[in-house]
$ cat input_34.txt   # compact mmCIF, C-alpha atoms
# COMPACT_ATOMS: atom_id res chain seq x y z
CA MET A 26 12.55 0.78 22.73
CA GLU A 27 8.78 1.14 22.40
CA ALA A 28 6.97 -1.05 19.90
CA ILE A 29 3.52 -2.39 19.13
CA VAL A 30 3.40 -6.15 19.65
CA TYR A 31 0.76 -8.84 19.20
CA GLU A 32 1.01 -12.46 20.32
CA ARG A 33 -1.99 -14.00 18.55
CA PHE A 34 -4.21 -13.36 15.56
CA GLY A 35 -7.31 -11.29 16.24
CA GLY A 36 -8.86 -7.85 16.19
CA PRO A 37 -7.26 -4.50 17.05
CA GLU A 38 -7.42 -5.41 20.73
CA VAL A 39 -4.46 -7.80 20.31
CA LEU A 40 -2.14 -4.85 19.65
CA THR A 41 -0.28 -3.67 22.75
CA LEU A 42 2.37 -1.03 23.35
CA THR A 43 5.37 -2.54 25.07
CA THR A 44 9.14 -2.25 25.45
CA VAL A 45 11.44 -4.54 23.48
CA ASP A 46 15.14 -4.65 22.72
CA LYS A 47 16.48 -2.62 19.81
CA PRO A 48 17.15 -4.88 16.84
CA ARG A 49 20.72 -5.11 15.52
CA PRO A 50 21.30 -5.00 11.76
CA GLY A 51 22.67 -8.03 9.98
CA PRO A 52 24.57 -8.16 6.67
CA GLY A 53 23.09 -5.81 4.13
CA GLN A 54 20.68 -4.24 6.60
CA VAL A 55 20.41 -0.82 8.17
CA ARG A 56 18.68 0.10 11.37
CA VAL A 57 16.27 2.97 10.90
CA LYS A 58 15.09 5.39 13.57
CA VAL A 59 11.46 5.49 12.52
CA VAL A 60 9.95 8.93 11.93
CA LEU A 61 6.71 7.56 10.47
CA ALA A 62 5.37 4.04 9.98
CA GLY A 63 2.72 3.53 7.33
CA VAL A 64 -0.65 2.00 8.20
CA ASN A 65 -2.03 -0.15 5.38
CA PRO A 66 -5.15 -2.29 4.89
CA VAL A 67 -2.87 -5.32 4.61
CA ASP A 68 -1.73 -4.69 8.19
CA HIS A 69 -5.09 -5.64 9.70
CA LYS A 70 -5.35 -8.63 7.35
CA ILE A 71 -1.97 -9.89 8.54
CA ARG A 72 -3.00 -9.24 12.15
CA GLY A 73 -6.19 -11.23 11.57
CA GLY A 74 -4.35 -14.18 10.04
CA THR A 75 -5.92 -14.02 6.57
CA MET A 76 -2.65 -13.24 4.77
CA GLU A 77 -0.40 -15.83 6.38
CA HIS A 78 0.29 -17.50 3.03
CA PHE A 79 2.00 -14.33 1.80
CA PHE A 80 3.13 -12.85 5.12
CA PRO A 81 3.91 -15.62 7.65
CA VAL A 82 3.93 -14.38 11.25
CA ALA A 83 6.17 -15.54 14.09
CA PHE A 84 4.85 -14.49 17.51
CA PRO A 85 5.44 -12.20 19.28
CA ALA A 86 5.22 -9.98 16.21
CA VAL A 87 5.59 -6.27 15.48
CA PRO A 88 3.29 -5.11 12.64
CA GLY A 89 4.07 -2.65 9.88
CA LEU A 90 5.58 -3.10 6.42
CA GLU A 91 6.74 0.40 5.49
CA LEU A 92 8.68 3.18 7.13
CA ALA A 93 10.39 6.50 6.69
CA GLY A 94 13.17 7.64 8.96
CA MET A 95 16.91 8.12 9.50
CA VAL A 96 19.65 5.52 9.30
CA ASP A 97 20.83 4.80 12.83
CA GLU A 98 23.23 1.90 12.40
CA LEU A 99 24.83 0.05 9.48
CA GLY A 100 25.02 -3.71 9.16
CA PRO A 101 28.08 -5.51 7.79
CA GLY A 102 28.69 -4.84 4.12
CA VAL A 103 26.52 -1.73 3.85
CA THR A 104 28.41 0.97 1.96
CA ASP A 105 25.69 2.96 0.20
CA PHE A 106 24.34 4.67 3.34
CA ALA A 107 25.74 6.64 6.24
CA VAL A 108 24.35 7.16 9.72
CA GLY A 109 21.92 10.07 9.60
CA ASP A 110 20.76 9.53 6.01
CA GLU A 111 17.04 10.06 5.46
CA VAL A 112 15.47 6.99 3.88
CA PHE A 113 12.15 5.30 3.23
CA GLY A 114 11.06 1.89 2.11
CA GLN A 115 10.14 -1.58 3.27
CA ALA A 116 10.79 -2.85 6.81
CA ASP A 117 12.36 -6.26 7.49
CA THR A 118 11.20 -6.11 11.09
CA GLY A 119 7.93 -4.47 12.09
CA ALA A 120 7.74 -0.75 11.40
CA TYR A 121 5.37 -0.01 14.31
CA ALA A 122 8.37 0.65 16.54
CA ALA A 123 10.92 3.28 17.47
CA TYR A 124 13.57 1.43 15.43
CA ALA A 125 13.31 -1.14 12.65
CA LEU A 126 15.66 -3.07 10.39
CA ALA A 127 15.47 -2.71 6.63
CA THR A 128 17.20 -3.97 3.52
CA HIS A 129 15.04 -2.36 0.85
CA VAL A 130 15.25 1.35 1.56
CA VAL A 131 16.25 4.25 -0.68
CA PRO A 132 17.24 7.88 -0.05
CA LYS A 133 14.38 10.26 0.63
CA PRO A 134 14.61 13.26 -1.72
CA ALA A 135 14.94 16.56 0.11
CA GLY A 136 11.77 17.82 -1.56
CA LEU A 137 9.68 14.95 -0.26
CA THR A 138 7.94 15.25 3.11
CA TRP A 139 7.97 12.39 5.59
CA GLU A 140 4.22 11.99 5.02
CA GLN A 141 4.71 11.67 1.28
CA ALA A 142 7.62 9.28 1.65
CA VAL A 143 5.85 6.82 3.96
CA ALA A 144 2.84 6.72 1.63
CA LEU A 145 4.82 5.53 -1.39
CA PRO A 146 6.37 2.08 -0.77
CA ILE A 147 3.36 -0.25 -0.51
CA ALA A 148 1.00 1.72 -2.75
CA GLY A 149 3.62 2.32 -5.40
CA GLU A 150 5.14 -1.17 -5.51
CA THR A 151 1.70 -2.80 -5.47
CA SER A 152 0.29 -0.68 -8.27
CA GLU A 153 3.39 -0.99 -10.45
CA ARG A 154 3.28 -4.77 -9.99
CA VAL A 155 -0.43 -5.01 -10.83
CA LEU A 156 -0.19 -2.83 -13.93
CA ASN A 157 2.69 -4.97 -15.14
CA LEU A 158 0.68 -8.15 -14.52
CA LEU A 159 -2.18 -6.62 -16.49
CA GLU A 160 0.26 -5.64 -19.26
CA LEU A 161 -1.55 -2.32 -19.45
CA GLY A 162 -0.60 -0.21 -22.44
CA ALA A 163 -1.38 3.12 -24.05
CA GLY A 164 -4.83 3.47 -25.55
CA GLU A 165 -6.41 0.83 -23.33
CA THR A 166 -9.21 1.30 -20.81
CA LEU A 167 -8.60 0.29 -17.19
CA LEU A 168 -11.27 -0.01 -14.50
CA VAL A 169 -9.93 0.60 -10.98
CA HIS A 170 -12.04 -0.39 -7.98
CA GLY A 171 -11.24 1.64 -4.87
CA ALA A 172 -9.65 4.32 -7.00
CA ALA A 173 -9.69 7.06 -4.34
CA GLY A 174 -7.76 5.06 -1.75
CA VAL A 175 -4.02 5.54 -1.41
CA THR A 176 -3.11 2.43 -3.40
CA GLY A 177 -5.90 2.87 -5.93
CA SER A 178 -5.11 6.53 -6.52
CA VAL A 179 -1.43 5.77 -7.11
CA GLY A 180 -2.53 3.08 -9.56
CA VAL A 181 -4.76 5.59 -11.34
CA GLN A 182 -1.87 8.01 -11.80
CA LEU A 183 0.57 5.38 -12.99
CA ALA A 184 -2.00 4.04 -15.46
CA VAL A 185 -2.75 7.53 -16.81
CA ALA A 186 1.01 8.07 -17.22
CA ARG A 187 1.08 4.92 -19.37
CA GLY A 188 -1.48 6.50 -21.69
CA ALA A 189 -4.48 4.50 -20.53
CA THR A 190 -8.03 5.74 -20.05
CA VAL A 191 -8.92 5.10 -16.41
CA ILE A 192 -12.41 4.67 -14.97
CA GLY A 193 -12.32 4.71 -11.19
CA THR A 194 -14.97 3.64 -8.70
CA ALA A 195 -15.38 5.83 -5.63
CA SER A 196 -17.98 7.53 -3.49
CA PRO A 197 -19.33 10.78 -4.98
CA ASP A 198 -17.35 12.81 -2.41
CA ASN A 199 -14.15 11.60 -4.08
CA HIS A 200 -15.13 12.15 -7.71
CA ALA A 201 -13.55 15.60 -7.96
CA PHE A 202 -10.28 14.17 -6.61
CA LEU A 203 -10.29 11.41 -9.23
CA ARG A 204 -10.89 13.92 -12.02
CA GLU A 205 -7.84 15.85 -10.78
CA LEU A 206 -5.81 12.66 -11.17
CA GLY A 207 -7.01 12.20 -14.74
CA ALA A 208 -9.57 9.46 -14.13
CA ILE A 209 -13.25 9.23 -15.06
CA PRO A 210 -15.09 8.69 -11.77
CA VAL A 211 -18.06 6.38 -11.33
CA ALA A 212 -20.08 5.57 -8.22
CA TYR A 213 -19.77 2.05 -6.89
CA GLY A 214 -22.76 -0.03 -5.79
CA ALA A 215 -25.87 -1.37 -7.51
CA GLY A 216 -25.96 -0.61 -11.24
CA LEU A 217 -22.18 -0.29 -11.55
CA THR A 218 -21.93 -2.40 -14.70
CA GLU A 219 -24.48 -0.26 -16.51
CA ARG A 220 -22.72 2.96 -15.46
CA VAL A 221 -19.34 1.66 -16.62
CA ARG A 222 -20.76 0.48 -19.94
CA ALA A 223 -22.21 3.96 -20.50
CA LEU A 224 -18.75 5.44 -19.98
CA ALA A 225 -16.91 2.75 -21.97
CA PRO A 226 -19.30 1.26 -24.55
CA GLN A 227 -16.30 -0.42 -26.20
CA GLY A 228 -15.65 -2.31 -22.96
CA VAL A 229 -12.78 -2.34 -20.51
CA ASP A 230 -9.45 -3.96 -21.34
CA ALA A 231 -8.33 -4.62 -17.77
CA VAL A 232 -9.47 -4.36 -14.15
CA TYR A 233 -7.45 -3.49 -11.05
CA ASP A 234 -9.38 -4.31 -7.88
CA ALA A 235 -7.98 -2.38 -4.90
CA ALA A 236 -11.28 -2.47 -3.02
CA GLY A 237 -12.51 -6.05 -2.66
CA GLN A 238 -16.01 -6.04 -1.17
CA GLY A 239 -17.56 -8.12 -3.94
CA ALA A 240 -16.06 -6.27 -6.91
CA LEU A 241 -15.08 -9.38 -8.86
CA PRO A 242 -18.49 -10.48 -10.26
CA ASP A 243 -19.03 -7.04 -11.83
CA SER A 244 -15.44 -7.07 -13.09
CA ILE A 245 -15.88 -10.44 -14.79
CA GLU A 246 -19.17 -9.33 -16.33
CA LEU A 247 -17.60 -6.15 -17.70
CA ARG A 248 -14.56 -8.00 -19.06
CA GLY A 249 -16.61 -10.90 -20.37
CA ALA A 250 -13.82 -13.12 -19.05
CA THR A 251 -11.60 -13.65 -16.01
CA SER A 252 -8.44 -12.69 -17.87
CA ARG A 253 -6.70 -9.35 -17.23
CA ILE A 254 -8.35 -8.89 -13.84
CA VAL A 255 -6.08 -8.60 -10.82
CA THR A 256 -7.17 -8.07 -7.23
CA ILE A 257 -5.08 -7.15 -4.21
CA ALA A 258 -8.10 -7.06 -1.89
CA ASP A 259 -9.92 -10.38 -2.31
CA PRO A 260 -7.84 -13.39 -1.18
CA ARG A 261 -10.62 -15.73 -2.41
CA ALA A 262 -10.11 -14.57 -5.99
CA ALA A 263 -9.01 -18.00 -7.18
CA GLU A 264 -12.53 -19.29 -6.57
CA SER A 265 -13.64 -16.91 -9.33
CA GLY A 266 -10.70 -17.73 -11.58
CA VAL A 267 -9.13 -14.32 -10.98
CA VAL A 268 -5.50 -13.54 -10.12
CA PHE A 269 -4.79 -12.40 -6.57
CA SER A 270 -1.49 -10.55 -6.31
CA GLY A 271 0.05 -10.45 -2.85
CA GLU A 272 3.70 -11.32 -3.34
CA VAL A 273 5.99 -8.32 -3.05
CA THR A 274 8.57 -7.60 -5.77
CA PRO A 275 11.87 -9.24 -4.71
CA ASP A 276 13.78 -5.95 -4.88
CA PRO A 277 11.44 -2.95 -5.05
CA ARG A 278 14.12 -0.29 -4.59
CA PRO A 279 14.16 0.86 -8.24
CA VAL A 280 10.39 1.34 -8.02
CA PHE A 281 10.72 3.29 -4.75
CA THR A 282 13.33 5.57 -6.29
CA ALA A 283 11.35 6.23 -9.47
CA HIS A 284 8.16 7.02 -7.57
CA ALA A 285 9.99 9.28 -5.10
CA GLN A 286 11.33 11.31 -7.99
CA LEU A 287 7.84 11.61 -9.48
CA ALA A 288 6.35 12.66 -6.14
CA ALA A 289 9.11 15.19 -5.45
CA ALA A 290 8.45 16.70 -8.88
CA GLY A 291 4.71 16.93 -8.18
CA ARG A 292 3.85 14.27 -10.77
CA LEU A 293 2.60 11.65 -8.29
CA ARG A 294 0.17 12.71 -5.58
CA VAL A 295 -0.56 11.02 -2.28
CA ARG A 296 -3.05 12.30 0.30
CA HIS A 297 -2.24 12.29 4.02
CA ALA A 298 -5.20 11.48 6.28
CA GLY A 299 -3.53 11.82 9.65
CA THR A 300 -0.74 10.77 11.99
CA PHE A 301 -1.36 8.91 15.24
CA PRO A 302 1.00 8.36 18.15
CA LEU A 303 2.35 4.82 18.29
CA ALA A 304 0.17 4.02 21.30
CA ASP A 305 -2.93 4.55 19.11
CA ALA A 306 -1.99 1.88 16.56
CA ALA A 307 -5.20 -0.06 17.23
CA LYS A 308 -7.31 3.04 16.55
CA ALA A 309 -5.41 3.72 13.31
CA GLN A 310 -5.90 0.13 12.14
CA GLU A 311 -9.61 0.29 12.97
CA LEU A 312 -9.96 3.37 10.78
CA SER A 313 -8.02 1.71 7.99
CA GLU A 314 -10.13 -1.44 8.25
CA GLY A 315 -13.29 0.65 7.92
CA GLY A 316 -12.27 1.38 4.34
CA HIS A 317 -13.35 5.02 4.14
CA VAL A 318 -10.14 6.86 5.00
CA ARG A 319 -9.34 9.64 2.53
CA GLY A 320 -5.58 9.36 2.43
CA LYS A 321 -2.63 7.77 4.16
CA LEU A 322 -2.60 6.99 7.87
CA ALA A 323 0.71 6.94 9.72
CA LEU A 324 2.13 6.28 13.17
CA ALA A 325 4.75 8.41 14.85
CA PRO A 326 6.88 6.59 17.49
$ encode --input "input_34.txt" --output "structure tokens"
Amino acid sequence: MEAIVYERFGGPEVLTLTTVDKPRPGPGQVRVKVVLAGVNPVDHKIRGGTMEHFFPVAFPAVPGLELAGMVDELGPGVTDFAVGDEVFGQADTGAYAAYALATHVVPKPAGLTWEQAVALPIAGETSERVLNLLELGAGETLLVHGAAGVTGSVGVQLAVARGATVIGTASPDNHAFLRELGAIPVAYGAGLTERVRALAPQGVDAVYDAAGQGALPDSIELRGATSRIVTIADPRAAESGVVFSGEVTPDPRPVFTAHAQLAAAGRLRVRHAGTFPLADAAKAQELSEGGHVRGKLALAP
């Protein structure tokens, strides 16, 4: 089968399209014929070696953490799926391939497109995890950095659903989109703390950093403390006394199912930015790494 493989840490140039053997499912696993593989910012960080503490890599490696596709083969002990079932979720082996193994997948609702399905696992699990770490409740004010990105925008919607007031940083071109999601948009950059204070003179109760890029000093100033600030984008957060959350929920399937139902009902929106052929994985990761993609990028084997 075709797959993207890399044999050392580095830039996008280390990614090559090659032919490898189809993986065989073990106990509790299914093999999935990949329709779409999600491209995430964490993918280029893993490829570059900066996330090895959370995502250890054994070379040669196939990148990709999330997939949507059809069950192709069942491993021993699997009784809740049949060959041909449409599923989405988290890949055990790299998702940038024609076939991948998975343990944590759930049925794809008929009303959910492949593009919607592949956008949910990482963004949804990450945001649910962060909001739980922040113990965000109704009536509180949450500041979200990178609010217009796929992960940030899912976090915005989940926080609004909890009854929180959400202030989201984004470029002016994305402010209308954030208003549609129920957030109060604010431009990032110089003067951010003053702009946020004007919108929330009572202060912010919690901060979700999905952007990185130096957001923590402003976050600490606005909170007046390092507590109730969680970043998923700055691995050096501990130097500032802030929590970095990178460990995936042990079994995220209930989260996948709940978010799929919300998305199928039109209550959770995800934007699709484009689908690339598998051979263009390096180009897709370059776009993702640039940080200005308006929606989810995917690969089609």
$ closest_atom_pairs --input "input_34.txt" --of "range 42-106 of chain A" --to "range 262-270 of chain A" --cutoff "12 Å" --atoms "all atoms listed in the file" --output "tab-separated table"
residue	atom	partner	partner_atom	distance
A:Met76	CA	A:Ser270	CA	11.5
A:His78	CA	A:Ser270	CA	11.8
A:Phe79	CA	A:Ser270	CA	9.6
$ closest_residue --input "input_34.txt" --among "A:Arg204, A:Arg72, A:Arg33, A:Lys47" --to "Glu311 in chain A" --atoms "all atoms listed in the file"
A:Arg72
$ closest_residue --input "input_34.txt" --among "A:Ala148, A:Val55, A:Leu161, A:Ala186" --to "Gly174 in chain A" --atoms "only C-alpha atoms"
A:Ala148
$ closest_residue --input "input_34.txt" --among "A:Ala142, A:Val280, A:Ala107, A:Ala135" --to "Ala93 in chain A" --atoms "all atoms listed in the file"
A:Ala142
$ closest_residue --input "input_34.txt" --among "A:Pro134, A:Gly51, A:Pro197, A:Gly239" --to "Ala288 in chain A" --atoms "all atoms listed in the file"
A:Pro134
$ residues_around --input "input_34.txt" --residues "Pro277 in chain A" --least-positions-apart "3" --cutoff "9 Å" --atoms "all atoms listed in the file" --output "list of chain:residue names"
A:Gly114, A:Gln115, A:His129, A:Val130, A:Pro146, A:Glu150, A:Val273, A:Thr274, A:Val280, A:Phe281, A:Thr282
$ residues_near_point --input "input_34.txt" --point "(-6.7, 15.4, 2.5)" --cutoff "8 Å" --atoms "only C-alpha atoms" --output "PDB file with C-alpha atoms, in the frame of the given file"
ATOM      1  CA  ARG A 296      -3.050  12.300   0.300  1.00  0.00           C
ATOM      2  CA  HIS A 297      -2.240  12.290   4.020  1.00  0.00           C
ATOM      3  CA  ALA A 298      -5.200  11.480   6.280  1.00  0.00           C
ATOM      4  CA  ARG A 319      -9.340   9.640   2.530  1.00  0.00           C
ATOM      5  CA  GLY A 320      -5.580   9.360   2.430  1.00  0.00           C
TER       6      GLY A 320
END
$ closest_residue --input "input_34.txt" --among "A:Val181, A:Leu247, A:Ala235, A:Val221" --to "Glu205 in chain A" --atoms "only C-alpha atoms"
A:Val181
$ atom_distance --input "input_34.txt" --atom1 "CA of Ala225 in chain A" --atom2 "CA of Leu167 in chain A"
9.9 Å
$ residues_around --input "input_34.txt" --residues "Asp243 in chain A" --least-positions-apart "5" --cutoff "12 Å" --atoms "all atoms listed in the file" --output "list in words"
Leu168, Val169, His170, Thr194, Tyr213, Gly214, Ala215, Gly216, Leu217, Thr218, Glu219, Arg220, Val221, Arg222, Val229, Val232, Asp234, Gly237, Gln238, Arg248, Gly249, Ala250, Thr251, Ile254 and Ser265 of chain A
$ write_last_selection --input "input_34.txt" --atoms "C-alpha atoms" --output "tab-separated table (two decimals), keeping the file's coordinate frame"
chain	number	residue	atom	x	y	z
A	168	LEU	CA	-11.27	-0.01	-14.50
A	169	VAL	CA	-9.93	0.60	-10.98
A	170	HIS	CA	-12.04	-0.39	-7.98
A	194	THR	CA	-14.97	3.64	-8.70
A	213	TYR	CA	-19.77	2.05	-6.89
A	214	GLY	CA	-22.76	-0.03	-5.79
A	215	ALA	CA	-25.87	-1.37	-7.51
A	216	GLY	CA	-25.96	-0.61	-11.24
A	217	LEU	CA	-22.18	-0.29	-11.55
A	218	THR	CA	-21.93	-2.40	-14.70
A	219	GLU	CA	-24.48	-0.26	-16.51
A	220	ARG	CA	-22.72	2.96	-15.46
A	221	VAL	CA	-19.34	1.66	-16.62
A	222	ARG	CA	-20.76	0.48	-19.94
A	229	VAL	CA	-12.78	-2.34	-20.51
A	232	VAL	CA	-9.47	-4.36	-14.15
A	234	ASP	CA	-9.38	-4.31	-7.88
A	237	GLY	CA	-12.51	-6.05	-2.66
A	238	GLN	CA	-16.01	-6.04	-1.17
A	248	ARG	CA	-14.56	-8.00	-19.06
A	249	GLY	CA	-16.61	-10.90	-20.37
A	250	ALA	CA	-13.82	-13.12	-19.05
A	251	THR	CA	-11.60	-13.65	-16.01
A	254	ILE	CA	-8.35	-8.89	-13.84
A	265	SER	CA	-13.64	-16.91	-9.33
$ residues_around --input "input_34.txt" --residues "Val175 in chain A" --least-positions-apart "3" --cutoff "12 Å" --atoms "only C-alpha atoms" --output "compact mmCIF listing (two decimals) with C-alpha atoms, in the frame of the given file"
# COMPACT_ATOMS: atom_id res chain seq x y z
CA GLY A 63 2.72 3.53 7.33
CA VAL A 64 -0.65 2.00 8.20
CA ASN A 65 -2.03 -0.15 5.38
CA PRO A 66 -5.15 -2.29 4.89
CA GLN A 141 4.71 11.67 1.28
CA VAL A 143 5.85 6.82 3.96
CA ALA A 144 2.84 6.72 1.63
CA LEU A 145 4.82 5.53 -1.39
CA PRO A 146 6.37 2.08 -0.77
CA ILE A 147 3.36 -0.25 -0.51
CA ALA A 148 1.00 1.72 -2.75
CA GLY A 149 3.62 2.32 -5.40
CA THR A 151 1.70 -2.80 -5.47
CA SER A 152 0.29 -0.68 -8.27
CA HIS A 170 -12.04 -0.39 -7.98
CA GLY A 171 -11.24 1.64 -4.87
CA ALA A 172 -9.65 4.32 -7.00
CA SER A 178 -5.11 6.53 -6.52
CA VAL A 179 -1.43 5.77 -7.11
CA GLY A 180 -2.53 3.08 -9.56
CA VAL A 181 -4.76 5.59 -11.34
CA GLN A 182 -1.87 8.01 -11.80
CA PHE A 202 -10.28 14.17 -6.61
CA LEU A 203 -10.29 11.41 -9.23
CA ALA A 235 -7.98 -2.38 -4.90
CA ALA A 236 -11.28 -2.47 -3.02
CA LEU A 293 2.60 11.65 -8.29
CA ARG A 294 0.17 12.71 -5.58
CA VAL A 295 -0.56 11.02 -2.28
CA ARG A 296 -3.05 12.30 0.30
CA HIS A 297 -2.24 12.29 4.02
CA ALA A 298 -5.20 11.48 6.28
CA SER A 313 -8.02 1.71 7.99
CA GLY A 316 -12.27 1.38 4.34
CA HIS A 317 -13.35 5.02 4.14
CA VAL A 318 -10.14 6.86 5.00
CA ARG A 319 -9.34 9.64 2.53
CA GLY A 320 -5.58 9.36 2.43
CA LYS A 321 -2.63 7.77 4.16
CA LEU A 322 -2.60 6.99 7.87
$ atom_distance --input "input_34.txt" --atom1 "CA of Ile209 in chain A" --atom2 "CA of Glu153 in chain A"
20.1 Å
$ residues_near_point --input "input_34.txt" --point "(12.2, -2.9, 9.2)" --cutoff "8 Å" --atoms "all atoms listed in the file" --output "number ranges by chain"
A: 56-57, 90-92, 115-120, 124-128
$ write_last_selection --input "input_34.txt" --atoms "C-alpha atoms" --output "tab-separated table (two decimals), keeping the file's coordinate frame"
chain	number	residue	atom	x	y	z
A	56	ARG	CA	18.68	0.10	11.37
A	57	VAL	CA	16.27	2.97	10.90
A	90	LEU	CA	5.58	-3.10	6.42
A	91	GLU	CA	6.74	0.40	5.49
A	92	LEU	CA	8.68	3.18	7.13
A	115	GLN	CA	10.14	-1.58	3.27
A	116	ALA	CA	10.79	-2.85	6.81
A	117	ASP	CA	12.36	-6.26	7.49
A	118	THR	CA	11.20	-6.11	11.09
A	119	GLY	CA	7.93	-4.47	12.09
A	120	ALA	CA	7.74	-0.75	11.40
A	124	TYR	CA	13.57	1.43	15.43
A	125	ALA	CA	13.31	-1.14	12.65
A	126	LEU	CA	15.66	-3.07	10.39
A	127	ALA	CA	15.47	-2.71	6.63
A	128	THR	CA	17.20	-3.97	3.52
$ closest_residue --input "input_34.txt" --among "A:Ala62, A:Gly136, A:Pro52, A:Leu183" --to "Leu156 in chain A" --atoms "only C-alpha atoms"
A:Leu183
$ atom_distance --input "input_34.txt" --atom1 "CA of Gly53 in chain A" --atom2 "CA of Val103 in chain A"
5.3 Å
$ axis_aligned_box --input "input_34.txt" --around "range 215-228 of chain A" --padding-each-side "5 Å" --output "AutoDock Vina command-line options"
--center_x -20.8 --center_y 1.5 --center_z -16.9 --size_x 20.3 --size_y 17.8 --size_z 28.7
$ decode --input "input_34.txt" --residues "range 265-271 of chain A" --atoms "all heavy atoms" --output "mmCIF file, in the first residue's frame"
data_model
loop_
_atom_site.group_PDB
_atom_site.id
_atom_site.type_symbol
_atom_site.label_atom_id
_atom_site.label_comp_id
_atom_site.auth_asym_id
_atom_site.auth_seq_id
_atom_site.Cartn_x
_atom_site.Cartn_y
_atom_site.Cartn_z
ATOM 1 N N SER A 265 7.195 28.990 32.389
ATOM 2 C CA SER A 265 6.376 30.116 32.853
ATOM 3 C C SER A 265 5.432 29.709 33.970
ATOM 4 O O SER A 265 4.623 30.520 34.420
ATOM 5 C CB SER A 265 5.553 30.679 31.680
ATOM 6 O OG SER A 265 6.387 31.120 30.635
ATOM 7 N N GLY A 266 5.507 28.450 34.387
ATOM 8 C CA GLY A 266 4.631 27.974 35.449
ATOM 9 C C GLY A 266 3.230 27.656 34.977
ATOM 10 O O GLY A 266 2.287 27.597 35.775
ATOM 11 N N VAL A 267 3.090 27.417 33.662
ATOM 12 C CA VAL A 267 1.782 27.170 33.059
ATOM 13 C C VAL A 267 1.681 25.701 32.652
ATOM 14 O O VAL A 267 2.673 25.072 32.281
ATOM 15 C CB VAL A 267 1.574 28.086 31.833
ATOM 16 C CG1 VAL A 267 0.330 27.698 31.044
ATOM 17 C CG2 VAL A 267 1.476 29.547 32.281
ATOM 18 N N VAL A 268 0.466 25.167 32.693
ATOM 19 C CA VAL A 268 0.232 23.767 32.329
ATOM 20 C C VAL A 268 0.248 23.607 30.806
ATOM 21 O O VAL A 268 -0.424 24.342 30.084
ATOM 22 C CB VAL A 268 -1.128 23.283 32.875
ATOM 23 C CG1 VAL A 268 -1.474 21.905 32.319
ATOM 24 C CG2 VAL A 268 -1.099 23.246 34.398
ATOM 25 N N PHE A 269 1.047 22.649 30.341
ATOM 26 C CA PHE A 269 1.004 22.228 28.942
ATOM 27 C C PHE A 269 0.280 20.897 28.891
ATOM 28 O O PHE A 269 0.657 19.951 29.584
ATOM 29 C CB PHE A 269 2.409 22.077 28.360
ATOM 30 C CG PHE A 269 2.420 21.522 26.952
ATOM 31 C CD1 PHE A 269 2.204 22.361 25.877
ATOM 32 C CD2 PHE A 269 2.622 20.162 26.717
ATOM 33 C CE1 PHE A 269 2.206 21.861 24.584
ATOM 34 C CE2 PHE A 269 2.622 19.658 25.433
ATOM 35 C CZ PHE A 269 2.416 20.504 24.358
ATOM 36 N N SER A 270 -0.757 20.813 28.074
ATOM 37 C CA SER A 270 -1.536 19.582 27.979
ATOM 38 C C SER A 270 -1.291 18.929 26.625
ATOM 39 O O SER A 270 -1.673 19.470 25.585
ATOM 40 C CB SER A 270 -3.032 19.871 28.158
ATOM 41 O OG SER A 270 -3.777 18.666 28.114
ATOM 42 N N GLY A 271 -0.649 17.769 26.649
ATOM 43 C CA GLY A 271 -0.371 17.065 25.404
ATOM 44 C C GLY A 271 -0.725 15.601 25.444
ATOM 45 O O GLY A 271 -0.667 14.913 24.432
#
